[in-house]
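Below is work15.pdb, which holds PDB, C-alpha atoms.
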```
ATOM      1  CA  MET A 177       0.000   0.000   0.000
ATOM      2  CA  ASN A 178       1.351   3.411  -0.875
ATOM      3  CA  ASN A 179       1.122   6.738   0.935
ATOM      4  CA  ASN A 180      -1.222   8.111  -1.721
ATOM      5  CA  THR A 181      -3.811   5.472  -0.824
ATOM      6  CA  ILE A 182      -3.530   6.345   2.863
ATOM      7  CA  ASN A 183      -3.760  10.058   2.031
ATOM      8  CA  THR A 184      -6.976   9.409   0.111
ATOM      9  CA  LEU A 185      -8.349   7.354   2.996
ATOM     10  CA  SER A 186      -7.558  10.104   5.470
ATOM     11  CA  GLY A 187      -9.178  12.692   3.239
ATOM     12  CA  ALA A 188     -12.354  10.620   3.121
ATOM     13  CA  VAL A 189     -12.729  10.209   6.882
ATOM     14  CA  THR A 190     -11.310  13.376   8.451
ATOM     15  CA  LEU A 191     -14.107  15.803   7.609
ATOM     16  CA  PRO A 192     -16.892  13.477   8.819
ATOM     17  CA  VAL A 193     -15.004  13.030  12.120
ATOM     18  CA  PHE A 194     -14.557  16.788  12.419
ATOM     19  CA  ASP A 195     -18.248  17.354  11.673
ATOM     20  CA  LEU A 196     -19.222  14.791  14.311
ATOM     21  CA  LEU A 197     -17.137  16.610  16.905
ATOM     22  CA  HIS A 198     -18.234  20.064  15.770
ATOM     23  CA  ASP A 199     -21.884  19.103  16.227
ATOM     24  CA  ARG A 200     -21.145  18.364  19.885
ATOM     25  CA  MET A 201     -18.465  20.787  21.051
ATOM     26  CA  ASN A 202     -16.880  24.131  20.329
ATOM     27  CA  ILE A 203     -13.741  24.667  18.283
ATOM     28  CA  ARG A 204     -11.567  25.269  21.342
ATOM     29  CA  LYS A 205     -12.413  21.796  22.690
ATOM     30  CA  ILE A 206     -11.856  20.265  19.270
ATOM     31  CA  ARG A 207      -8.426  21.893  19.142
ATOM     32  CA  ARG A 208      -7.622  20.359  22.568
ATOM     33  CA  PHE A 209      -8.729  16.994  21.199
ATOM     34  CA  TYR A 210      -6.408  17.479  18.225
ATOM     35  CA  HIS A 211      -3.505  18.312  20.527
ATOM     36  CA  GLY A 212      -4.264  15.213  22.602
ATOM     37  CA  LEU A 213      -3.959  13.066  19.476
ATOM     38  CA  CYS A 214      -0.663  14.806  18.687
ATOM     39  CA  ASP A 215       0.564  14.027  22.209
ATOM     40  CA  PHE A 216      -0.199  10.338  21.684
ATOM     41  CA  GLN A 217       1.697  10.428  18.413
ATOM     42  CA  GLU A 218       4.709  12.160  19.943
ATOM     43  CA  SER A 219       4.864   9.662  22.815
ATOM     44  CA  ASP A 220       4.913   6.672  20.436
ATOM     45  CA  HIS A 221       1.310   5.738  21.150
ATOM     46  CA  ALA A 222      -0.039   6.087  17.627
ATOM     47  CA  ASN A 223      -2.103   2.952  18.181
ATOM     48  CA  ILE A 224      -4.111   4.679  20.929
ATOM     49  CA  ALA A 225      -4.736   7.725  18.743
ATOM     50  CA  VAL A 226      -5.784   5.514  15.821
ATOM     51  CA  THR A 227      -8.152   3.566  18.084
ATOM     52  CA  ILE A 228      -9.812   6.818  19.177
ATOM     53  CA  ILE A 229     -10.057   7.965  15.558
ATOM     54  CA  ASP A 230     -11.460   4.567  14.561
ATOM     55  CA  VAL A 231     -14.279   4.895  17.092
ATOM     56  CA  LEU A 232     -15.090   8.392  15.828
ATOM     57  CA  ILE A 233     -15.012   7.278  12.196
ATOM     58  CA  ARG A 234     -17.529   4.558  12.986
ATOM     59  CA  LEU A 235     -19.729   6.954  14.996
ATOM     60  CA  ALA A 236     -19.651   9.400  12.088
ATOM     61  CA  GLY A 237     -20.958   6.651   9.833
ATOM     62  CA  SER A 238     -18.181   7.033   7.302
ATOM     63  CA  GLU A 239     -18.139   4.437   4.585
ATOM     64  CA  LEU A 240     -14.854   2.612   4.917
ATOM     65  CA  PRO A 241     -12.920   1.302   1.937
ATOM     66  CA  THR A 242     -11.476  -2.191   2.210
ATOM     67  CA  VAL A 243      -7.946  -0.815   2.680
ATOM     68  CA  TYR A 244      -9.032   0.646   6.022
ATOM     69  CA  THR A 245      -8.877  -2.773   7.689
ATOM     70  CA  GLU A 246      -5.327  -3.222   6.463
ATOM     71  CA  VAL A 247      -4.323   0.208   7.774
ATOM     72  CA  VAL A 248      -5.651  -0.291  11.304
ATOM     73  CA  ALA A 249      -4.064  -3.756  11.489
ATOM     74  CA  SER A 250      -0.527  -2.551  10.767
ATOM     75  CA  PRO A 251       1.451  -0.365  13.205
ATOM     76  CA  LYS A 252       3.504   1.022  10.315
ATOM     77  CA  LEU A 253       0.403   1.974   8.313
ATOM     78  CA  GLN A 254      -1.280   3.333  11.451
ATOM     79  CA  ALA A 255       1.604   5.759  11.906
ATOM     80  CA  ILE A 256       1.327   6.957   8.301
ATOM     81  CA  PHE A 257      -2.461   7.239   8.568
ATOM     82  CA  LEU A 258      -2.175   9.209  11.805
ATOM     83  CA  ASP A 259       0.252  11.658  10.167
ATOM     84  CA  GLU A 260      -2.161  12.186   7.288
ATOM     85  CA  PHE A 261      -5.233  12.432   9.528
ATOM     86  CA  LEU A 262      -3.594  15.005  11.803
ATOM     87  CA  ALA A 263      -2.451  17.077   8.819
ATOM     88  CA  ASP A 264      -5.952  17.025   7.330
ATOM     89  CA  PHE A 265      -7.520  17.799  10.709
ATOM     90  CA  GLU A 266      -5.136  20.716  11.236
ATOM     91  CA  ASP A 267      -6.084  22.071   7.804
ATOM     92  CA  ILE A 268      -9.743  22.001   8.771
ATOM     93  CA  LEU A 269      -9.021  23.722  12.094
ATOM     94  CA  SER A 270      -7.005  26.421  10.346
ATOM     95  CA  GLU A 271     -10.065  27.264   8.247
ATOM     96  CA  TYR A 272     -11.780  28.194  11.513
ATOM     97  CA  GLY A 273      -8.891  30.486  12.442
ATOM     98  CA  VAL A 274      -8.360  28.886  15.822
TER      99      VAL A 274
END
```
What is this structure when it is put down as structure tokens?
Amino acid sequence: MNNNTINTLSGAVTLPVFDLLHDRMNIRKIRRFYHGLCDFQESDHANIAVTIIDVLIRLAGSELPTVYTEVVASPKLQAIFLDEFLADFEDILSEYGV
């Protein structure tokens, strides 16, 4: 699997997760959530961050491509996915100017 595939996957699930959170909390709390995910990533706990994201993806009702299962099953692919997800999420947050 290449990084382009993971980038596409992240692009498909990040906005629905953001929308799910935005329906329930303000931008400041969403930014704290984002920073919490970054903290997991920086402390070599990408698997925890990906598990949290996985739950939110499923709650958001995102349609998951078959490659998603492969991504969440592989620590190496999880790390790449988390990088992409956080970059996409940060882009969305920056649109809100927070």
Practice prompt. Would you kindly translate the PyMOL selection byres ((chain A and resi 183) around 10) into the concrete residues it picks from this file, as a ChimeraX atom specification?
Written response: /A:178-182,184-188,256-261,263-264
Within 10 Å of segment 223-231 of chain A, which residues of segment 179-203 of chain A come that close, and what is the closest atom pair and distance in Å for each? Count only C-alpha atoms and give it as a Markdown table.
```
| residue | atom | partner | partner_atom | distance |
| --- | --- | --- | --- | --- |
| A:Val189 | CA | A:Ile229 | CA | 9.4 |
| A:Thr190 | CA | A:Ile229 | CA | 9.0 |
| A:Val193 | CA | A:Ile229 | CA | 7.9 |
```
Item to complete: Identify, on the basis of all atoms listed in the file, every residue whose closest approach to Leu191 of chain A does not exceed 10 Å; exclude the query and any residue fewer than 5 positions from it along the same chain; express the result as a PyMOL selection string.
Response: chain A and resi 186+196-197+233+236+238+261+264-265+268
Output file for the selection above: C-alpha atoms, as a PDB file, in the frame of the given file:
```pdb
ATOM      1  CA  SER A 186      -7.558  10.104   5.470  1.00  0.00           C
ATOM      2  CA  LEU A 196     -19.222  14.791  14.311  1.00  0.00           C
ATOM      3  CA  LEU A 197     -17.137  16.610  16.905  1.00  0.00           C
ATOM      4  CA  ILE A 233     -15.012   7.278  12.196  1.00  0.00           C
ATOM      5  CA  ALA A 236     -19.651   9.400  12.088  1.00  0.00           C
ATOM      6  CA  SER A 238     -18.181   7.033   7.302  1.00  0.00           C
ATOM      7  CA  PHE A 261      -5.233  12.432   9.528  1.00  0.00           C
ATOM      8  CA  ASP A 264      -5.952  17.025   7.330  1.00  0.00           C
ATOM      9  CA  PHE A 265      -7.520  17.799  10.709  1.00  0.00           C
ATOM     10  CA  ILE A 268      -9.743  22.001   8.771  1.00  0.00           C
TER      11      ILE A 268
END
```
Worksheet entry | Gap from atom CA of Ile203 of chain A to atom CA of Asp267 of chain A - Å, one decimal |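 These two atoms are separated by 13.2 Å.
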Would you list the contacts of Arg208 of chain A as an mmCIF file with C-alpha atoms, in the coordinates of the input, taking every protein, DNA or RNA residue within 12 Å and counting only C-alpha atoms, but skipping same-chain residues closer than 4 positions in sequence?
```cif
data_model
loop_
_atom_site.group_PDB
_atom_site.id
_atom_site.type_symbol
_atom_site.label_atom_id
_atom_site.label_comp_id
_atom_site.auth_asym_id
_atom_site.auth_seq_id
_atom_site.Cartn_x
_atom_site.Cartn_y
_atom_site.Cartn_z
ATOM 1 C CA LEU A 197 -17.137 16.610 16.905
ATOM 2 C CA MET A 201 -18.465 20.787 21.051
ATOM 3 C CA ASN A 202 -16.880 24.131 20.329
ATOM 4 C CA ILE A 203 -13.741 24.667 18.283
ATOM 5 C CA ARG A 204 -11.567 25.269 21.342
ATOM 6 C CA GLY A 212 -4.264 15.213 22.602
ATOM 7 C CA LEU A 213 -3.959 13.066 19.476
ATOM 8 C CA CYS A 214 -0.663 14.806 18.687
ATOM 9 C CA ASP A 215 0.564 14.027 22.209
ATOM 10 C CA GLU A 266 -5.136 20.716 11.236
ATOM 11 C CA LEU A 269 -9.021 23.722 12.094
ATOM 12 C CA VAL A 274 -8.360 28.886 15.822
#
```
Worksheet item: Do you have the atom CA of Gln254 of chain A-atom CA of Tyr210 of chain A distance handy?
Response: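 Answer for the atom CA of Gln254 of chain A to atom CA of Tyr210 of chain A separation: 16.5 Å.
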Item to complete: Could you tell me which of A:Val248, A:Leu232, A:Ile206, A:Leu253 comes closest to Met177 of chain A if we count only C-alpha atoms?
Response: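 Of the candidates, the smallest distance to Met177 of chain A is held by A:Leu253.
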Worksheet item: Nearest to Asp220 of chain A among A:Leu262, A:Lys252, A:Thr242, A:His198, with distances taken over all atoms listed in the file: which residue is it?
Response: A:Lys252
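The interatomic distance for the pair atom CA of Tyr244 of chain A and atom CA of Phe194 of chain A works out to 18.2 Å.
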I'd like the box whose edges run along x, y and z of the file and which contains every listed atom of segment 230-242 of chain A, padded by 3 Å per side; could you state its centre and edge lengths in Å, one decimal, as JSON?
```
{"center_x": -16.2, "center_y": 3.6, "center_z": 9.5, "size_x": 15.5, "size_y": 17.6, "size_z": 21.2}
```
Start from the incomplete input, build N, CA and C atoms for segment 224-243 of chain A, and deliver everything as an mmCIF file, keeping the file's coordinate frame.
```cif
data_model
loop_
_atom_site.group_PDB
_atom_site.id
_atom_site.type_symbol
_atom_site.label_atom_id
_atom_site.label_comp_id
_atom_site.auth_asym_id
_atom_site.auth_seq_id
_atom_site.Cartn_x
_atom_site.Cartn_y
_atom_site.Cartn_z
ATOM 1 N N ILE A 224 -3.025 4.147 20.104
ATOM 2 C CA ILE A 224 -4.111 4.679 20.929
ATOM 3 C C ILE A 224 -4.859 5.765 20.155
ATOM 4 N N ALA A 225 -4.109 6.655 19.525
ATOM 5 C CA ALA A 225 -4.736 7.725 18.743
ATOM 6 C C ALA A 225 -5.571 7.139 17.610
ATOM 7 N N VAL A 226 -5.053 6.133 16.938
ATOM 8 C CA VAL A 226 -5.784 5.514 15.821
ATOM 9 C C VAL A 226 -7.037 4.808 16.342
ATOM 10 N N THR A 227 -6.967 4.207 17.504
ATOM 11 C CA THR A 227 -8.152 3.566 18.084
ATOM 12 C C THR A 227 -9.234 4.604 18.365
ATOM 13 N N ILE A 228 -8.852 5.740 18.915
ATOM 14 C CA ILE A 228 -9.812 6.818 19.177
ATOM 15 C C ILE A 228 -10.419 7.307 17.863
ATOM 16 N N ILE A 229 -9.583 7.517 16.868
ATOM 17 C CA ILE A 229 -10.057 7.965 15.558
ATOM 18 C C ILE A 229 -10.983 6.921 14.947
ATOM 19 N N ASP A 230 -10.632 5.649 15.096
ATOM 20 C CA ASP A 230 -11.460 4.567 14.561
ATOM 21 C C ASP A 230 -12.870 4.615 15.150
ATOM 22 N N VAL A 231 -12.965 4.805 16.446
ATOM 23 C CA VAL A 231 -14.279 4.895 17.092
ATOM 24 C C VAL A 231 -15.066 6.077 16.520
ATOM 25 N N LEU A 232 -14.404 7.208 16.358
ATOM 26 C CA LEU A 232 -15.090 8.392 15.828
ATOM 27 C C LEU A 232 -15.501 8.209 14.368
ATOM 28 N N ILE A 233 -14.666 7.559 13.595
ATOM 29 C CA ILE A 233 -15.012 7.278 12.196
ATOM 30 C C ILE A 233 -16.283 6.444 12.142
ATOM 31 N N ARG A 234 -16.350 5.435 12.976
ATOM 32 C CA ARG A 234 -17.529 4.558 12.986
ATOM 33 C C ARG A 234 -18.765 5.294 13.498
ATOM 34 N N LEU A 235 -18.599 6.156 14.503
ATOM 35 C CA LEU A 235 -19.729 6.954 14.996
ATOM 36 C C LEU A 235 -20.221 7.946 13.935
ATOM 37 N N ALA A 236 -19.287 8.448 13.147
ATOM 38 C CA ALA A 236 -19.651 9.400 12.088
ATOM 39 C C ALA A 236 -20.360 8.715 10.930
ATOM 40 N N GLY A 237 -20.286 7.391 10.900
ATOM 41 C CA GLY A 237 -20.958 6.651 9.833
ATOM 42 C C GLY A 237 -20.245 6.710 8.505
ATOM 43 N N SER A 238 -18.955 6.969 8.543
ATOM 44 C CA SER A 238 -18.181 7.033 7.302
ATOM 45 C C SER A 238 -18.132 5.663 6.645
ATOM 46 N N GLU A 239 -18.274 5.676 5.340
ATOM 47 C CA GLU A 239 -18.139 4.437 4.585
ATOM 48 C C GLU A 239 -16.648 4.144 4.454
ATOM 49 N N LEU A 240 -16.271 2.953 4.872
ATOM 50 C CA LEU A 240 -14.854 2.612 4.917
ATOM 51 C C LEU A 240 -14.450 1.733 3.748
ATOM 52 N N PRO A 241 -13.423 2.152 3.010
ATOM 53 C CA PRO A 241 -12.920 1.302 1.937
ATOM 54 C C PRO A 241 -12.239 0.068 2.524
ATOM 55 N N THR A 242 -12.060 -0.936 1.727
ATOM 56 C CA THR A 242 -11.476 -2.191 2.210
ATOM 57 C C THR A 242 -10.046 -2.008 2.720
ATOM 58 N N VAL A 243 -9.322 -1.032 2.227
ATOM 59 C CA VAL A 243 -7.946 -0.815 2.680
ATOM 60 C C VAL A 243 -7.898 -0.362 4.135
#
```
